[in-house]
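Undergrad: One file: model.cif (mmCIF, C-alpha atoms).
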data_entry
#
loop_
_atom_site.label_atom_id
_atom_site.label_comp_id
_atom_site.auth_asym_id
_atom_site.auth_seq_id
_atom_site.Cartn_x
_atom_site.Cartn_y
_atom_site.Cartn_z
CA MET A 107 0.61 -10.05 -10.99
CA THR A 108 3.43 -11.38 -13.18
CA LEU A 109 5.19 -8.68 -15.16
CA SER A 110 8.03 -8.52 -17.62
CA GLU A 111 10.94 -6.22 -16.85
CA THR A 112 9.66 -3.77 -19.48
CA GLN A 113 6.15 -3.76 -18.03
CA GLU A 114 7.52 -3.11 -14.56
CA GLN A 115 9.69 -0.29 -15.94
CA ILE A 116 6.62 1.26 -17.58
CA LEU A 117 4.51 0.92 -14.43
CA ASP A 118 7.23 2.42 -12.26
CA ALA A 119 7.29 5.37 -14.67
CA ALA A 120 3.49 5.59 -14.52
CA MET A 121 3.64 5.68 -10.72
CA SER A 122 6.24 8.46 -10.86
CA CYS A 123 4.09 10.48 -13.27
CA ILE A 124 0.97 10.01 -11.14
CA ALA A 125 2.84 11.04 -8.00
CA ARG A 126 4.31 14.10 -9.70
CA ASP A 127 1.50 15.20 -12.04
CA GLY A 128 -1.64 13.40 -10.90
CA ILE A 129 -3.77 11.01 -12.94
CA ASP A 130 -4.47 13.59 -15.64
CA GLY A 131 -0.75 14.25 -16.08
CA ALA A 132 0.06 10.58 -16.57
CA SER A 133 -0.64 10.39 -20.29
CA MET A 134 0.61 7.45 -22.33
CA ARG A 135 3.08 9.76 -24.06
CA THR A 136 4.39 11.19 -20.77
CA VAL A 137 4.77 7.74 -19.23
CA ALA A 138 6.57 6.43 -22.34
CA ARG A 139 9.02 9.33 -22.13
CA GLU A 140 9.51 8.77 -18.38
CA ALA A 141 10.07 5.02 -18.92
CA ASP A 142 12.41 5.70 -21.85
CA VAL A 143 10.38 3.46 -24.15
CA SER A 144 8.56 4.19 -27.37
CA LEU A 145 4.86 4.97 -27.30
CA GLY A 146 4.37 1.93 -29.53
CA LEU A 147 6.07 -0.37 -27.02
CA LEU A 148 4.00 1.07 -24.19
CA SER A 149 0.83 0.56 -26.27
CA TYR A 150 1.90 -3.02 -26.98
CA HIS A 151 1.89 -3.76 -23.25
CA PHE A 152 -1.10 -1.62 -22.21
CA ASP A 153 -4.15 -1.05 -24.39
CA ASP A 154 -4.92 2.37 -22.98
CA LYS A 155 -4.21 4.79 -20.18
CA ARG A 156 -6.85 3.23 -17.94
CA SER A 157 -5.37 -0.27 -18.12
CA MET A 158 -1.90 1.17 -17.47
CA ILE A 159 -3.11 3.16 -14.44
CA GLU A 160 -4.95 0.13 -13.03
CA ALA A 161 -1.85 -2.01 -13.49
CA ALA A 162 0.33 0.64 -11.82
CA PHE A 163 -1.98 0.82 -8.83
CA GLN A 164 -2.11 -3.00 -8.68
CA LEU A 165 1.70 -3.19 -8.69
CA ALA A 166 1.87 -0.63 -5.88
CA THR A 167 -0.65 -2.58 -3.79
CA ASP A 168 1.11 -5.89 -4.50
CA ARG A 169 4.43 -4.45 -3.38
CA LEU A 170 2.96 -3.11 -0.16
CA LEU A 171 1.21 -6.35 0.70
CA ASP A 172 4.34 -8.37 -0.15
CA LYS A 173 6.50 -6.19 2.10
CA THR A 174 4.10 -6.49 5.04
CA ASN A 175 4.04 -10.26 4.64
CA GLU A 176 7.85 -10.38 4.36
CA ALA A 177 8.09 -8.40 7.60
CA ILE A 178 6.86 -11.36 9.64
CA ALA A 179 9.03 -14.00 7.97
CA GLY A 180 11.21 -15.71 10.53
CA ILE A 181 9.54 -14.08 13.55
CA ASP A 182 8.27 -16.58 16.07
CA GLY A 183 6.50 -14.80 18.94
CA ALA A 184 2.84 -13.93 18.30
CA ASP A 185 3.18 -10.42 19.79
CA ASP A 186 6.35 -9.77 17.79
CA ARG A 187 4.64 -10.94 14.59
CA VAL A 188 1.84 -8.41 15.14
CA ARG A 189 4.35 -5.60 15.72
CA ALA A 190 6.39 -6.58 12.66
CA TYR A 191 3.32 -6.80 10.44
CA ILE A 192 2.10 -3.37 11.51
CA ARG A 193 5.53 -1.89 10.75
CA GLY A 194 5.84 -3.66 7.39
CA ALA A 195 3.73 -0.94 5.77
CA TYR A 196 6.25 1.66 6.95
CA HIS A 197 9.30 0.34 5.14
CA ASP A 198 11.44 3.22 3.85
CA ASP A 199 10.27 2.52 0.26
CA PHE A 200 6.70 3.31 1.33
CA LEU A 201 7.59 6.47 3.23
CA ALA A 202 9.07 8.14 0.15
CA PRO A 203 7.12 11.28 -0.83
CA ASP A 204 6.34 9.95 -4.33
CA TYR A 205 4.95 6.72 -2.96
CA LEU A 206 2.74 8.57 -0.51
CA ALA A 207 1.50 10.86 -3.29
CA LEU A 208 0.67 7.77 -5.32
CA TRP A 209 -1.40 6.35 -2.44
CA ILE A 210 -3.24 9.61 -1.99
CA SER A 211 -4.12 9.39 -5.70
CA VAL A 212 -5.29 5.79 -5.31
CA TRP A 213 -7.53 6.74 -2.40
CA ALA A 214 -8.95 9.73 -4.26
CA VAL A 215 -9.66 7.84 -7.49
CA ALA A 216 -11.04 4.81 -5.64
CA ARG A 217 -13.86 6.94 -4.25
CA THR A 218 -15.30 7.47 -7.73
CA ASP A 219 -13.96 4.54 -9.76
CA ASP A 220 -15.16 1.03 -8.95
CA GLU A 221 -12.29 -0.73 -10.73
CA ILE A 222 -9.65 1.26 -8.88
CA ALA A 223 -11.61 0.70 -5.66
CA ASN A 224 -11.33 -3.05 -6.36
CA VAL A 225 -7.57 -2.69 -6.81
CA GLU A 226 -7.34 -0.87 -3.48
CA ARG A 227 -9.43 -3.56 -1.80
CA SER A 228 -7.16 -6.24 -3.29
CA MET A 229 -4.51 -5.00 -0.87
CA CYS A 230 -6.57 -3.66 2.02
CA ASP A 231 -8.84 -6.66 2.53
CA PRO A 232 -6.05 -9.27 2.73
CA TYR A 233 -4.00 -6.91 4.91
CA ALA A 234 -6.92 -6.47 7.32
CA LYS A 235 -7.67 -10.21 7.40
CA ASN A 236 -4.01 -11.07 8.01
CA LEU A 237 -3.75 -8.46 10.75
CA ALA A 238 -6.93 -9.71 12.45
CA LYS A 239 -5.61 -13.27 12.29
CA LEU A 240 -2.26 -12.25 13.79
CA ILE A 241 -4.05 -10.34 16.56
CA ARG A 242 -6.24 -13.35 17.31
CA ASN A 243 -3.18 -15.60 17.43
CA ALA A 244 -1.60 -13.22 19.94
CA ARG A 245 -4.84 -12.82 21.93
CA PRO A 246 -6.75 -16.12 21.47
CA HIS A 247 -9.48 -15.08 23.92
CA LEU A 248 -10.71 -12.47 21.41
CA THR A 249 -13.62 -13.29 19.15
CA LEU A 250 -13.19 -12.99 15.40
CA ARG A 251 -15.28 -9.83 15.54
CA GLN A 252 -13.11 -8.29 18.27
CA SER A 253 -9.87 -9.02 16.43
CA THR A 254 -11.37 -7.65 13.19
CA GLU A 255 -12.47 -4.47 14.96
CA ARG A 256 -8.98 -4.01 16.39
CA ALA A 257 -7.49 -4.50 12.93
CA THR A 258 -9.88 -1.89 11.51
CA ASP A 259 -8.98 0.59 14.26
CA ILE A 260 -5.29 0.06 13.53
CA ILE A 261 -5.76 0.58 9.79
CA VAL A 262 -7.55 3.87 10.45
CA ILE A 263 -4.58 5.03 12.52
CA GLN A 264 -2.09 3.73 9.96
CA ASN A 265 -3.75 5.70 7.16
CA GLY A 266 -3.56 8.80 9.34
CA LEU A 267 0.10 8.07 10.04
CA TRP A 268 0.84 7.95 6.31
CA LEU A 269 -0.86 11.30 5.81
CA GLN A 270 0.93 12.79 8.81
CA TRP A 271 4.26 11.48 7.50
CA ALA A 272 3.52 13.04 4.10
CA ARG A 273 2.99 16.37 5.87
CA ASN A 274 5.95 16.54 8.24
CA GLN A 275 8.07 13.35 8.17
CA ASP A 276 8.53 13.34 11.92
CA ARG A 277 9.94 9.98 13.03
CA GLY A 278 8.79 10.61 16.62
CA ASP A 279 5.16 11.02 15.48
CA LEU A 280 5.41 7.86 13.39
CA ASP A 281 6.96 5.78 16.17
CA ARG A 282 4.39 7.01 18.69
CA GLY A 283 1.56 6.17 16.28
CA LEU A 284 2.96 2.70 15.67
CA ARG A 285 3.20 2.09 19.42
CA LEU A 286 -0.46 3.13 19.66
CA CYS A 287 -1.28 0.56 17.00
CA ASP A 288 0.62 -2.05 19.03
CA SER A 289 -1.32 -1.16 22.17
CA ILE A 290 -4.65 -1.54 20.37
CA ALA A 291 -3.65 -4.85 18.81
CA LEU A 292 -2.10 -6.34 21.91
CA ALA A 293 -4.37 -5.00 24.65
CA PRO A 294 -5.38 -7.78 27.07
#
Any chance you could give the structure as C-alpha cells?

TA:
Amino acid sequence: MTLSETQEQILDAAMSCIARDGIDGASMRTVAREADVSLGLLSYHFDDKRSMIEAAFQLATDRLLDKTNEAIAGIDGADDRVRAYIRGAYHDDFLAPDYLALWISVWAVARTDDEIANVERSMCDPYAKNLAKLIRNARPHLTLRQSTERATDIIVIQNGLWLQWARNQDRGDLDRGLRLCDSIALAP
C-alpha cells in the first residue's frame, strides 16, 4: 500500500485511537484530532470511518510482514533464516502495548467482518507460506504438507506469545516460547 505522509500520519493516529478506545472510539473526528489534521483533510483521504479503519489495519499488517521479511535479509544459513523469520514478528515495535491492543482489535473484528478478515489474511497467509517455505528449505525431507503443518503450529504458539506478552511482558516467557517455535520448525 503506497501512502502519502499525511495518510500515514492519519492511519497512525487511527491505530492509536483503536488501541486506546477500541473501534467505536475511533471516530473520524477523534482520529483527526489525534492526527492534528482537520476533519476535512481526513475526509479527503478517507471516505468514511470504515475505509480509514481498513486502511489502518492494512498498514499494520504491511508493517508486520515487512519487518518479518527484513529479519531474514543477509542471513545465509537455512536454520538461521527460520529462527530470524520467527523472531521478526517480535521486533520491539510490535511488542508495544498499543500495537498489541491493535492486533487484538483486528482479531476480534475479523471474526465478524469479512473485509477486515481479508486484511488479516493479507498478512497471515503470506507469513505462513513464507515460514513453511523456509522450514522446507531447512528440512528438505519434509513434504509441503508437513512444513505447512509446522508453520501452522508455530503461528498458533506465536499468537499465544503475543497475548502472553500483552498480559505480563516477561522476556523469559517470550524467549522460551520462541525456542519452542524453533524446535517445532527445525525438528529432524

Undergrad: Rounded to one decimal in Å, what is the spacing between CA of Ala207 in chain A and CA of Cys230 in chain A?

TA: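 The value is 17.4 Å.
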
Undergrad: Ranking A:Phe163, A:Trp213, A:Tyr191, A:Trp271 by minimum distance to Val225 in chain A and counting only C-alpha atoms, which one comes first?

TA: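 The closest residue to Val225 in chain A is A:Phe163.
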
Undergrad: Kindly indicate which residue among A:Asp118, A:Asp182, A:Asp130, A:Asp204 lies nearest to Leu165 in chain A, using all atoms listed in the file for the distances.

TA: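 When distances to Leu165 in chain A are compared using all atoms listed in the file, the smallest one comes from A:Asp118.
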
Undergrad: Suppose you want the space between CA of Asp153 in chain A and CA of Glu221 in chain A; what is it in Å?

TA: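 Result for CA of Asp153 in chain A versus CA of Glu221 in chain A: 15.9 Å, one decimal.
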
Undergrad: Expressed in Å to a single decimal, how great is the separation between CA of Leu286 in chain A and CA of Ala190 in chain A?

TA: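 CA of Ala190 in chain A lies 13.8 Å from CA of Leu286 in chain A.
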
Undergrad: Hey, which of A:Leu201, A:Ala238, A:Leu248, A:Ala177 ends up closest to Asp276 in chain A? Count all atoms listed in the file.

TA: A:Leu201

Undergrad: Near Trp268 in chain A, counting only C-alpha atoms, which residues have an atom at most 8 Å away, once you skip same-chain residues fewer than 4 positions from it, shown as a VMD selection string?

TA: chain A and resid 201 206 264 272

Undergrad: Pull C-alpha atoms from the residues just selected and write them as a tab-separated table (two decimals), keeping the file's coordinate frame.

TA:
chain	number	residue	atom	x	y	z
A	201	LEU	CA	7.59	6.47	3.23
A	206	LEU	CA	2.74	8.57	-0.51
A	264	GLN	CA	-2.09	3.73	9.96
A	272	ALA	CA	3.52	13.04	4.10

Undergrad: Would you kindly return, as a PyMOL selection string, each protein, DNA or RNA residue with an atom no farther than 12 Å from any atom of Arg139 in chain A, considering all atoms listed in the file and excluding same-chain residues fewer than 6 positions away?

TA: chain A and resi 115-116+119-120+122-123+132-133+145-148

Undergrad: Quick one: of A:Ala166, A:Leu267, A:Ile178, A:Val143, who's nearest to Trp209 in chain A, counting all atoms listed in the file?

TA: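 Smallest separation from Trp209 in chain A among the options: A:Ala166.
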
Undergrad: Any idea what's packed within 10 Å of Ile129 in chain A, counting all atoms listed in the file, ignoring anything in its chain fewer than 3 positions away? Could you give it as a PyMOL selection string?

TA: chain A and resi 120-121+123-126+132-133+155-156+159+208+211-212+215

Undergrad: For range 265-272 of chain A, I'd like the enclosing box, axis-aligned and padded by 5 Å on every side, reported as lines of an AutoDock Vina configuration file with centre and edge lengths in Å to one decimal.

TA:
center_x = 0.3
center_y = 9.4
center_z = 7.1
size_x = 18.0
size_y = 17.3
size_z = 15.9

Undergrad: On this structure, the PyMOL selection byres ((chain A and resi 292) around 12) would catch which residues? List them as a PyMOL selection string, sorted by chain and number.

TA: chain A and resi 184-189+192+237-238+240-248+252-253+256-257+260+285-291+293-294

Undergrad: Which of these residues is nearest to Leu109 in chain A, using all atoms listed in the file: A:Asp281, A:Asp219, A:Asp168, A:Glu140?

TA: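 Nearest candidate to Leu109 in chain A out of A:Asp281, A:Asp219, A:Asp168, A:Glu140: A:Asp168.
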
Undergrad: Given the choices A:Tyr150, A:Ala202, A:Arg193, A:Thr254, which gets closest to Gly283 in chain A if the distance is worked out from only C-alpha atoms?

TA: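 Closest to Gly283 in chain A, using only C-alpha atoms: A:Arg193.
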
Undergrad: Please provide the set of residues having any atom within 10 Å of Ser228 in chain A, restricted to all atoms listed in the file, with same-chain residues fewer than 3 positions apart removed, written as an MDAnalysis selection string.

TA: chainID A and resid 164 167:168 171 222:225 231:233

Undergrad: Store the residues picked out above in a file with C-alpha atoms, as a PDB file, keeping the file's coordinate frame.

TA:
ATOM      1  CA  GLN A 164      -2.110  -3.000  -8.680  1.00  0.00           C
ATOM      2  CA  THR A 167      -0.650  -2.580  -3.790  1.00  0.00           C
ATOM      3  CA  ASP A 168       1.110  -5.890  -4.500  1.00  0.00           C
ATOM      4  CA  LEU A 171       1.210  -6.350   0.700  1.00  0.00           C
ATOM      5  CA  ILE A 222      -9.650   1.260  -8.880  1.00  0.00           C
ATOM      6  CA  ALA A 223     -11.610   0.700  -5.660  1.00  0.00           C
ATOM      7  CA  ASN A 224     -11.330  -3.050  -6.360  1.00  0.00           C
ATOM      8  CA  VAL A 225      -7.570  -2.690  -6.810  1.00  0.00           C
ATOM      9  CA  ASP A 231      -8.840  -6.660   2.530  1.00  0.00           C
ATOM     10  CA  PRO A 232      -6.050  -9.270   2.730  1.00  0.00           C
ATOM     11  CA  TYR A 233      -4.000  -6.910   4.910  1.00  0.00           C
TER      12      TYR A 233
END
